[in-house]
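**Q** Just passing along the structure, written as structure tokens.
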Amino acid sequence: MSSLSPRRGRARVAPAHLVRVALAALVTLFALGLPGCAAERGPAPIRLWHAYRGDEERALAALVATWPGPPVELLALPADAFAAKLQAAIPLGAGPDVYIDAHERLGDFRARGIVAPVGDALEEGAFAPEVLAAVEQQGVAYGVPLTLKSAALYVNDALVPTDPPDLESIAELRLPEGVYPLAYEAENAYFHAAVLHAFGGSFLAPAGEPGATPGASDAFGFVGEPAERSLELVRSLVDRGVVPADADGALVTRLFAAGKAATAISGPWLANDLPPETPHFRVIPLPKVRAAGGTPLRPMLTVEALMLSPAGAARPEVRAFARFVASTEGTAVLRREARAVPARRDAEGLLEGEALRRAFDDPALAADALVSAFAAQARVAIPMPTSVAMRATWEPAARAIKKVLRGDTAPAEALAEAKQRFDDARPKAVPAARPEPLVAILGVLCLAAAFWLVRRARQREFRASVRRSLPAYAYVLHSVVVLGVLVFVPLFAGAAISLAVGRPGELTYVGGYNFVEILTARGGPLFASGSFYLVLLVTLAWTAVNLFFHLGIGLVLGLLLSRPTLRLKALYRVLLIIPWAVPSYVTALAWKGMFHRQFGAVSALLSAVNDVFGTDLESIAWFSRFSTAFAANCTTNIWLGFPFMMVVTLAGLTAIPKDVLEAAEVDGATRWQRLWHVTLPLLRPTVMPAAVLGAVWTFNMFNVVFLVSGGEPDGQTDILVSEAYRWAFTREAQYGFAAAYSVLIFLLLFAGTELPGLVRRWRARRRPTPRAEVAS
Amino acid sequence: MKRRGRAVLESVGAHALILVFVGFALYPVLWVVALAFSGNDTPEARLLPVPVQPTLKHLVEVVGPSPSGSWLFGRQLLNSLVVSGATAVVGIGIAIPTAYALARFEFVGKKTGVRALLATQMFPAVASAVPLYMLLSALGLLNSRTGLVLCYASTAVPFAIFQLRAAFESIPVELEEAAMVDGATRFGAFLRVVLPAARPAIAVTGLFAFMSAYNEFILAATLLGSEDMFTLPVVLQRYVGEHSANWPAFAAGALVVSLPVMALFYVVQRHLVAGLTAGAVKG
């Protein structure tokens, strides 16, 4: 610009400078937005979204590269964000044409209208009836089966040379010290399903008459004799040390990889995660259970399927593409590159019996052996029900399993409680409320506001003060616009959902129903586990403890680090903000790992203390009691949050003029006096807003609770906001409840931050003291 | 002599106390380091977080070129830095004038405005996420980093306003008044006198805004529509699958991701030091 008009540039330096800055800003914004609006020509590409990673991702890319049709845009997404993104994008037409997900989500997806019948994308006769049934909703196929996933038994060849005939004989294996006979995630409902199925039970009660069309109802089925016996069996396995307690997937992998587990129940993903040093192993179908009369353990079967969005299903080339990916050749690529078990009937060269056993010893056939073993297991696995209710069974079922395995409760009692919890959280038929009262209230409010405005506008001094405010408005206008549009509009829309029930898209206005239900603890005792009031108490304690330590540690460190004579200051400062700099997702999980009863660093610390001091401290199951689980959550969150307060303190200290402190010193104030009467009061204006916001953020800090204790034991360490998340995500997407919780949280916080001011004003009015406040 | 001995004792005490907290801060992170650099991890309760069979393979897996040959990691790191940097600039840019008005002017609606600002932080995101998405779609800001930056900035603005307002309030009014007596306009005094004096607070508040955007992934994954637009946390999250996770790679990635933040903090803290020792603002 300046090279084009040098003279003008020189003549008006400042404006040209401003123009350049403005141009640079524009270019930056344009560059940021550019890739989003690049013009596309030629045939519209086919957009395929998936959550595959590693081998599966590479295999899918290789397979797509052989597709002769229109170009395909692949997008790999984090599994944690996959469903949320689909649900947000597809209704707005911004989603994929085709996506790959597990069949059990179909019920949910169909209710949300983000999946369409696949039509001719499905090859007739290519799939076994039970596989096809998994992707069907009321007789119509909503997905093209691609691969099958289920758990099977991994066996360490050296430790277990002959296939164990049943679960009981695995428990009786003679093994070296410190080796578990069987490792699996016993507390995980997904894996417990295999045991439950062996006893003839299921998480959802079967539909209709026995012997009628197979399928599940929407009633909780994890009760009764089969469920109790399954829990008793697993509890005895854990109590006898056959199965490790508190095992998660990572621990199972580590145990099996280190040869510390003779067998392991896991899915095909374990084979991908095992390092090359893992002892030689084979995979066989899950064993029989003697206690269940010799029936085998039957795992849950997941059919990964290609699903079409309504827009994608309307395009013939998209349907042809889905058919191509799921074809014999296509699934062969996935099988070869990623050892995926094809969902098709015509998969060739699957090994069986003795040939299969021998294939595990032949490096050239190892991949085939693995596929064959899982294919064999898939034939006896039970497809997971697709109903929306199924997703709501996990939480109560997992809590019951944990309670029983820890020996807190008898199976029958825990299961009855789980059923109650499930029934309690089911969406109830609520009659739609008449909207007239709401309209009337809103109308009256609008009228009152208009009346008030008109009255004020008539007052001369008000008009004058508005006129005086005009210069200030010039400074705040832009933030009012930005925050108004991007923060307040979504916020009001979200709050409005609290007056409705149902899933997004088909909300019914029900007035204050959600609030009444929450505030009356849905008819149960007011202080029952999980009730609003009890959770509120926990939330308050959680906020108070965290705030106290954040402020305390932050202030102490800030003051220490600002000592003028301190050496290594810069190094200390950088080291101390590390908890804040490393993504909290991974550090919170590191904390959880440290609190593991058996393999955590905290138990190592305790045994070190015992060695040195001769004490007899024993590591405990940290998450089995409220007090210790709460302490673990708080420790993690204090760790995460103190650097923030430290930096705020440091920033606040920069604003304290040095000569004030010097003056106090000259006046003979001791160091403590200077701290209490000069430094801390002067820090107040910077630290107070941070403390208030810190309290608000802590009140709503759900991911630490989710990642560390997960609400254990039994939901007791859940805080209000994690209840809101559970209603939105694990309890059949009841956004009305989630929004009502959010509104209540908002009202509580608003009252909490307004109350001190109100009390102060009220007191001032009652006892007018002549002394003015010194500090302000 | 006695006084000197006390000073030494005090300094030792200060170092000891700080070292305790440094230990507290580092211990869990060292476990992440151990996980990221361990070749084979036997489960046993260990006290010291040392890598077992040290290896760089997880680090290479994360940082190295992607299968397609392009260096996607570098591209995504750049995205992260651009998005977070833009968030800091836009957020601070929006916050500064507003904070200044709150610190220096009396105006109608000021109290309500402050209350509303605080109120924005109180409503959990769970209920407003879906409306926000529809809104961005209506504004044509889906699948663009601009939309993401605006979202991040608008969540960072309230806190930035509070922090900057406190900073502006601590700057003596006389400084501006003197400038205005010398012929500067109010805005000119704000630009040339107040802003330079508030530099440390602006730097630190900018760091807060940067951090709030830098580690976020749910919104980023939801709003962005292609791999070469993704920010690093989205990519890292992909090491966590539905059934199993590649924890070592995830840990290695998390460590790499936090390096720029630490470097940035190192730069920003010079302002903190400058403010402390030079006594930039004398009252």
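Naming works like this for the structure tokens: A, B, ... for the chains as they're shown, residue 1 at the start of each chain, ligands 1 onward in shown order.
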Extract the full set of alpha helix (DSSP H) residues from segment 469-560 of chain A according to DSSP on the backbone, and format it as a PDB file with C-alpha atoms, in the first residue's frame.

**A**
ATOM      1  CA  SER A 469     -23.149   8.086  29.910  1.00  0.00           C
ATOM      2  CA  LEU A 470     -22.899   8.372  26.152  1.00  0.00           C
ATOM      3  CA  PRO A 471     -19.083   8.604  26.021  1.00  0.00           C
ATOM      4  CA  ALA A 472     -18.833   5.499  28.186  1.00  0.00           C
ATOM      5  CA  TYR A 473     -21.207   3.615  25.894  1.00  0.00           C
ATOM      6  CA  ALA A 474     -18.755   4.121  23.057  1.00  0.00           C
ATOM      7  CA  TYR A 475     -16.298   2.010  25.025  1.00  0.00           C
ATOM      8  CA  VAL A 476     -18.651  -0.839  25.854  1.00  0.00           C
ATOM      9  CA  LEU A 477     -20.884  -1.104  22.789  1.00  0.00           C
ATOM     10  CA  HIS A 478     -18.846  -3.728  20.932  1.00  0.00           C
ATOM     11  CA  SER A 479     -18.597  -6.083  23.884  1.00  0.00           C
ATOM     12  CA  VAL A 480     -22.327  -5.735  24.500  1.00  0.00           C
ATOM     13  CA  VAL A 481     -22.930  -6.800  20.897  1.00  0.00           C
ATOM     14  CA  VAL A 482     -20.465  -9.703  20.899  1.00  0.00           C
ATOM     15  CA  LEU A 483     -21.460 -11.070  24.290  1.00  0.00           C
ATOM     16  CA  VAL A 489     -28.699 -15.702  23.054  1.00  0.00           C
ATOM     17  CA  PRO A 490     -27.538 -19.340  23.462  1.00  0.00           C
ATOM     18  CA  LEU A 491     -27.873 -18.959  27.203  1.00  0.00           C
ATOM     19  CA  PHE A 492     -31.508 -17.849  27.057  1.00  0.00           C
ATOM     20  CA  ALA A 493     -32.296 -20.499  24.475  1.00  0.00           C
ATOM     21  CA  GLY A 494     -30.689 -23.100  26.732  1.00  0.00           C
ATOM     22  CA  ALA A 495     -32.589 -21.847  29.754  1.00  0.00           C
ATOM     23  CA  ALA A 496     -35.833 -22.030  27.795  1.00  0.00           C
ATOM     24  CA  ILE A 497     -35.313 -25.779  27.260  1.00  0.00           C
ATOM     25  CA  TYR A 513     -42.530 -29.756  35.660  1.00  0.00           C
ATOM     26  CA  ASN A 514     -38.750 -30.317  35.557  1.00  0.00           C
ATOM     27  CA  PHE A 515     -38.135 -27.921  38.421  1.00  0.00           C
ATOM     28  CA  VAL A 516     -40.862 -29.449  40.549  1.00  0.00           C
ATOM     29  CA  GLU A 517     -39.473 -32.929  39.905  1.00  0.00           C
ATOM     30  CA  ILE A 518     -35.937 -31.918  40.844  1.00  0.00           C
ATOM     31  CA  LEU A 519     -36.869 -29.891  43.914  1.00  0.00           C
ATOM     32  CA  PHE A 532     -30.813 -32.273  44.542  1.00  0.00           C
ATOM     33  CA  TYR A 533     -30.279 -31.236  48.152  1.00  0.00           C
ATOM     34  CA  LEU A 534     -27.638 -33.810  48.991  1.00  0.00           C
ATOM     35  CA  VAL A 535     -25.739 -33.099  45.787  1.00  0.00           C
ATOM     36  CA  LEU A 536     -25.980 -29.392  46.573  1.00  0.00           C
ATOM     37  CA  LEU A 537     -24.332 -29.963  49.958  1.00  0.00           C
ATOM     38  CA  VAL A 538     -21.514 -31.906  48.307  1.00  0.00           C
ATOM     39  CA  THR A 539     -21.113 -29.151  45.715  1.00  0.00           C
ATOM     40  CA  LEU A 540     -20.877 -26.478  48.389  1.00  0.00           C
ATOM     41  CA  ALA A 541     -18.280 -28.457  50.333  1.00  0.00           C
ATOM     42  CA  TRP A 542     -16.367 -29.080  47.111  1.00  0.00           C
ATOM     43  CA  THR A 543     -16.355 -25.388  46.224  1.00  0.00           C
ATOM     44  CA  ALA A 544     -15.364 -24.245  49.704  1.00  0.00           C
ATOM     45  CA  VAL A 545     -12.477 -26.705  50.079  1.00  0.00           C
ATOM     46  CA  ASN A 546     -11.092 -25.973  46.644  1.00  0.00           C
ATOM     47  CA  LEU A 547     -11.394 -22.226  46.930  1.00  0.00           C
ATOM     48  CA  PHE A 548      -9.713 -22.220  50.320  1.00  0.00           C
ATOM     49  CA  PHE A 549      -6.699 -24.142  49.091  1.00  0.00           C
ATOM     50  CA  HIS A 550      -6.479 -22.379  45.748  1.00  0.00           C
ATOM     51  CA  LEU A 551      -6.410 -19.003  47.449  1.00  0.00           C
ATOM     52  CA  GLY A 552      -4.158 -20.112  50.282  1.00  0.00           C
ATOM     53  CA  ILE A 553      -1.532 -21.821  48.146  1.00  0.00           C
ATOM     54  CA  GLY A 554      -1.786 -19.192  45.414  1.00  0.00           C
ATOM     55  CA  LEU A 555      -1.250 -16.313  47.829  1.00  0.00           C
ATOM     56  CA  VAL A 556       1.599 -17.973  49.698  1.00  0.00           C
ATOM     57  CA  LEU A 557       3.439 -18.854  46.499  1.00  0.00           C
ATOM     58  CA  GLY A 558       2.760 -15.488  44.909  1.00  0.00           C
ATOM     59  CA  LEU A 559       4.129 -13.661  47.927  1.00  0.00           C
ATOM     60  CA  LEU A 560       7.140 -15.973  48.219  1.00  0.00           C
TER      61      LEU A 560
END

**Q** Given only C-alpha atoms, how would the per-residue table for segment 562-631 of chain A near segment 249-269 of chain B read, listing every residue at most 9 Å away with its closest atom pair and distance in Å to one decimal, sorted by chain and number, as a tab-separated table?

**A**
residue	atom	partner	partner_atom	distance
A:Ala570	CA	B:Tyr266	CA	7.4
A:Leu571	CA	B:Tyr266	CA	8.7
A:Arg573	CA	B:Gln269	CA	8.1
A:Val574	CA	B:Tyr266	CA	6.4
A:Leu575	CA	B:Met262	CA	8.6
A:Ile577	CA	B:Met262	CA	7.7
A:Ile578	CA	B:Met262	CA	7.3
A:Ala581	CA	B:Ser258	CA	5.3
A:Val582	CA	B:Ser258	CA	5.0
A:Pro583	CA	B:Ala254	CA	6.1
A:Tyr585	CA	B:Ala254	CA	9.0
A:Val586	CA	B:Ala251	CA	6.6
A:Thr587	CA	B:Ala251	CA	8.8

**Q** May I ask for the distance between atom CA of Ala81 of chain A and atom CA of Pro233 of chain B, given in Å to one decimal place?

**A**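 Taking atom CA of Ala81 of chain A and atom CA of Pro233 of chain B, their separation equals 11.7 Å.
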
**Q** Would you list the contacts of segment 10-17 of chain B as a ChimeraX atom specification, taking every protein, DNA or RNA residue within 10 Å and counting only C-alpha atoms, but skipping same-chain residues closer than 6 positions in sequence?

**A** /A:556-557,560-561,563,565-569,572 /B:4,23

**Q** Write a file of the selected residues as a PDB file, in the first residue's frame, keeping C-alpha atoms.

**A**
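Result saved to out10.pdb:
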ATOM      1  CA  VAL A 556       1.599 -17.973  49.698  1.00  0.00           C
ATOM      2  CA  LEU A 557       3.439 -18.854  46.499  1.00  0.00           C
ATOM      3  CA  LEU A 560       7.140 -15.973  48.219  1.00  0.00           C
ATOM      4  CA  LEU A 561       7.965 -15.649  44.544  1.00  0.00           C
ATOM      5  CA  ARG A 563      10.530 -11.642  47.339  1.00  0.00           C
ATOM      6  CA  THR A 565      16.044 -11.392  47.094  1.00  0.00           C
ATOM      7  CA  LEU A 566      14.834 -14.781  45.957  1.00  0.00           C
ATOM      8  CA  ARG A 567      17.063 -16.581  43.484  1.00  0.00           C
ATOM      9  CA  LEU A 568      15.858 -18.942  40.743  1.00  0.00           C
ATOM     10  CA  LYS A 569      12.586 -17.034  40.666  1.00  0.00           C
ATOM     11  CA  TYR A 572      10.320 -21.666  40.027  1.00  0.00           C
TER      12      TYR A 572
ATOM     13  CA  ARG B   4      22.142 -11.610  58.375  1.00  0.00           C
ATOM     14  CA  GLY B  23       7.436 -31.283  44.076  1.00  0.00           C
TER      15      GLY B  23
END

**Q** Skip segment 101-117 of chain B itself and residues of its chain fewer than 2 positions away, then list as a PyMOL selection string all residues within 10 Å of it, counting only C-alpha atoms.

**A** (chain A and resi 462-463+465-476+480+483+487-488+750+753-754) or (chain B and resi 95-99+119-122+157-159+161-162+164-171+173)

**Q** Could you write out the selected residues, including C-alpha atoms, as a compact mmCIF listing (two decimals), in the first residue's frame?

**A**
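This is the output file part_22.txt:
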# COMPACT_ATOMS: atom_id res chain seq x y z
CA PHE A 462 -32.42 10.19 34.15
CA ARG A 463 -32.23 11.62 30.65
CA SER A 465 -27.46 10.84 33.25
CA VAL A 466 -28.02 8.82 30.08
CA ARG A 467 -26.62 11.71 28.09
CA ARG A 468 -23.63 11.83 30.42
CA SER A 469 -23.15 8.09 29.91
CA LEU A 470 -22.90 8.37 26.15
CA PRO A 471 -19.08 8.60 26.02
CA ALA A 472 -18.83 5.50 28.19
CA TYR A 473 -21.21 3.62 25.89
CA ALA A 474 -18.76 4.12 23.06
CA TYR A 475 -16.30 2.01 25.03
CA VAL A 476 -18.65 -0.84 25.85
CA VAL A 480 -22.33 -5.74 24.50
CA LEU A 483 -21.46 -11.07 24.29
CA VAL A 487 -23.23 -15.70 24.98
CA PHE A 488 -26.64 -14.42 25.98
CA PHE A 750 -26.37 -15.66 41.28
CA THR A 753 -22.74 -13.74 44.66
CA GLU A 754 -25.50 -11.19 45.26
CA ALA B 95 -12.17 -6.40 27.00
CA ILE B 96 -9.79 -3.44 27.26
CA PRO B 97 -12.15 -0.56 26.34
CA THR B 98 -14.98 -2.09 28.34
CA ALA B 99 -12.79 -2.60 31.38
CA ALA B 119 -23.74 -14.19 35.33
CA THR B 120 -22.39 -15.43 31.99
CA GLN B 121 -19.89 -17.56 33.88
CA MET B 122 -22.56 -19.23 35.99
CA VAL B 157 -13.97 -11.72 27.78
CA PRO B 158 -15.81 -11.56 31.14
CA PHE B 159 -12.80 -12.67 33.16
CA ILE B 161 -12.79 -7.45 31.84
CA PHE B 162 -12.73 -8.11 35.59
CA LEU B 164 -8.27 -5.40 33.54
CA ARG B 165 -10.79 -3.29 35.38
CA ALA B 166 -8.92 -3.95 38.61
CA ALA B 167 -5.65 -3.12 36.88
CA PHE B 168 -6.98 0.14 35.44
CA GLU B 169 -8.43 1.12 38.80
CA SER B 170 -5.02 0.76 40.39
CA ILE B 171 -3.54 3.27 37.93
CA VAL B 173 -6.28 9.02 37.56

**Q** Set out as a tab-separated table a contact list for segment 167-267 of chain B and segment 77-82 of chain B with a cut-off of 10 Å, giving each residue of segment 167-267 of chain B that qualifies its closest atom pair and distance in Å to one decimal, counting only C-alpha atoms, ordered by chain and rising residue number.

**A**
residue	atom	partner	partner_atom	distance
B:Phe210	CA	B:Leu81	CA	8.7
B:Ala213	CA	B:Ser80	CA	8.4
B:Tyr214	CA	B:Ser80	CA	6.4
B:Asn215	CA	B:Ser80	CA	8.9
B:Glu216	CA	B:Ser80	CA	9.9
B:Asp228	CA	B:Asn79	CA	8.2
B:Met229	CA	B:Asn79	CA	6.5
B:Phe230	CA	B:Asn79	CA	6.9
B:Thr231	CA	B:Ser80	CA	4.7
B:Leu232	CA	B:Leu77	CA	5.8
B:Pro233	CA	B:Ser80	CA	8.3
B:Val234	CA	B:Ser80	CA	9.8
B:Val235	CA	B:Leu77	CA	9.9
B:Val256	CA	B:Leu77	CA	9.8
B:Val257	CA	B:Leu77	CA	8.0
B:Pro260	CA	B:Leu81	CA	8.5
B:Val261	CA	B:Leu81	CA	9.6

**Q** Quick one: residues within 9 Å of segment 360-366 of chain A, only C-alpha atoms counted, chain neighbours fewer than 4 positions away excluded, as JSON, numbers by chain?

**A** {"A": [280, 281, 282, 283, 355, 356, 370, 371]}

**Q** Mind writing the picked residues with N, CA and C atoms as a short mmCIF file (atom, residue, chain, number, x, y, z; two decimals), in the first residue's frame?

**A**
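Listed below is the output, part.cif:
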data_model
loop_
_atom_site.label_atom_id
_atom_site.label_comp_id
_atom_site.auth_asym_id
_atom_site.auth_seq_id
_atom_site.Cartn_x
_atom_site.Cartn_y
_atom_site.Cartn_z
N HIS A 280 3.95 -64.87 24.00
CA HIS A 280 3.14 -65.45 22.93
C HIS A 280 1.76 -65.81 23.44
N PHE A 281 0.75 -65.49 22.65
CA PHE A 281 -0.62 -65.74 23.11
C PHE A 281 -1.49 -66.25 21.98
N ARG A 282 -2.65 -66.77 22.34
CA ARG A 282 -3.67 -67.14 21.36
C ARG A 282 -5.01 -66.61 21.85
N VAL A 283 -5.98 -66.59 20.96
CA VAL A 283 -7.31 -66.11 21.34
C VAL A 283 -8.29 -67.25 21.12
N ALA A 355 -6.52 -76.23 13.16
CA ALA A 355 -5.83 -75.34 12.21
C ALA A 355 -5.70 -73.94 12.78
N LEU A 356 -6.76 -73.52 13.46
CA LEU A 356 -6.75 -72.19 14.07
C LEU A 356 -5.69 -72.14 15.15
N LEU A 370 -6.19 -64.46 14.34
CA LEU A 370 -6.89 -63.53 15.22
C LEU A 370 -8.30 -63.25 14.69
N VAL A 371 -8.39 -62.96 13.40
CA VAL A 371 -9.69 -62.67 12.79
C VAL A 371 -10.61 -63.87 12.95
#

**Q** Report as a list in words all protein, DNA and RNA residues lying within 8 Å of Gly107 of chain A, evaluated on only C-alpha atoms, omitting residues in the same chain fewer than 2 positions from it.

**A**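 Here the qualifying residues turn out to be Glu104, Arg105, Phe109, Arg110, Ala111, Gln137, Thr386, Ser387 and Val388 of chain A.
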
**Q** Work out how far atom CA of Lys260 of chain A is from atom CA of Ala629 of chain A, in Å to one decimal.

**A** 27.9 Å

**Q** Could you list, as a PyMOL selection string, every residue within 7 Å of segment 148-157 of chain A, counting only C-alpha atoms and ignoring same-chain residues fewer than 4 positions away?

**A** chain A and resi 161+262-267+279-286+299-304+341-343+374+377-378

**Q** From the list B:Thr205, B:Ser70, B:Thr87, B:Thr42, which residue is nearest chain A when using only C-alpha atoms?

**A**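 For chain A, the nearest of the given residues is B:Thr42.
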
**Q** Between A:Val501, A:Ala311, A:Ala359, A:Val485, which has the minimum distance to chain B (counting only C-alpha atoms)?

**A**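 The answer is A:Val485, which sits nearest to chain B.
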
**Q** Quick one: of A:Cys634, A:Ala292, A:Val242, A:Ala397, who's nearest to Arg174 of chain A, counting only C-alpha atoms?

**A** A:Val242

**Q** I'd like to know which residues of segment 465-695 of chain A are strand (DSSP E) (by DSSP, run on the backbone); could you write them as a PyMOL selection string?

**A** chain A and resi 500-501+508-509

**Q** Could you dump the residues just selected with C-alpha atoms as an mmCIF file, in the first residue's frame?

**A**
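Below you can see again_30.cif, which holds the result:
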data_model
loop_
_atom_site.group_PDB
_atom_site.id
_atom_site.type_symbol
_atom_site.label_atom_id
_atom_site.label_comp_id
_atom_site.auth_asym_id
_atom_site.auth_seq_id
_atom_site.Cartn_x
_atom_site.Cartn_y
_atom_site.Cartn_z
ATOM 1 C CA ALA A 500 -39.770 -28.623 28.166
ATOM 2 C CA VAL A 501 -39.325 -32.388 28.105
ATOM 3 C CA THR A 508 -42.960 -30.466 24.582
ATOM 4 C CA TYR A 509 -43.635 -27.459 26.744
#

**Q** Considering only C-alpha atoms, state which residue in the set A:Leu159, A:Ala663, A:Ala528, A:Ala76 is at the smallest distance from chain B.

**A**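 Checking each of A:Leu159, A:Ala663, A:Ala528, A:Ala76 against chain B, counting only C-alpha atoms, the winner is A:Ala76.
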
**Q** Here is a test: counting only C-alpha atoms, which residue of B:Ala127, B:Val194, B:Val149, B:Val33 is nearest to chain A?

**A** B:Ala127
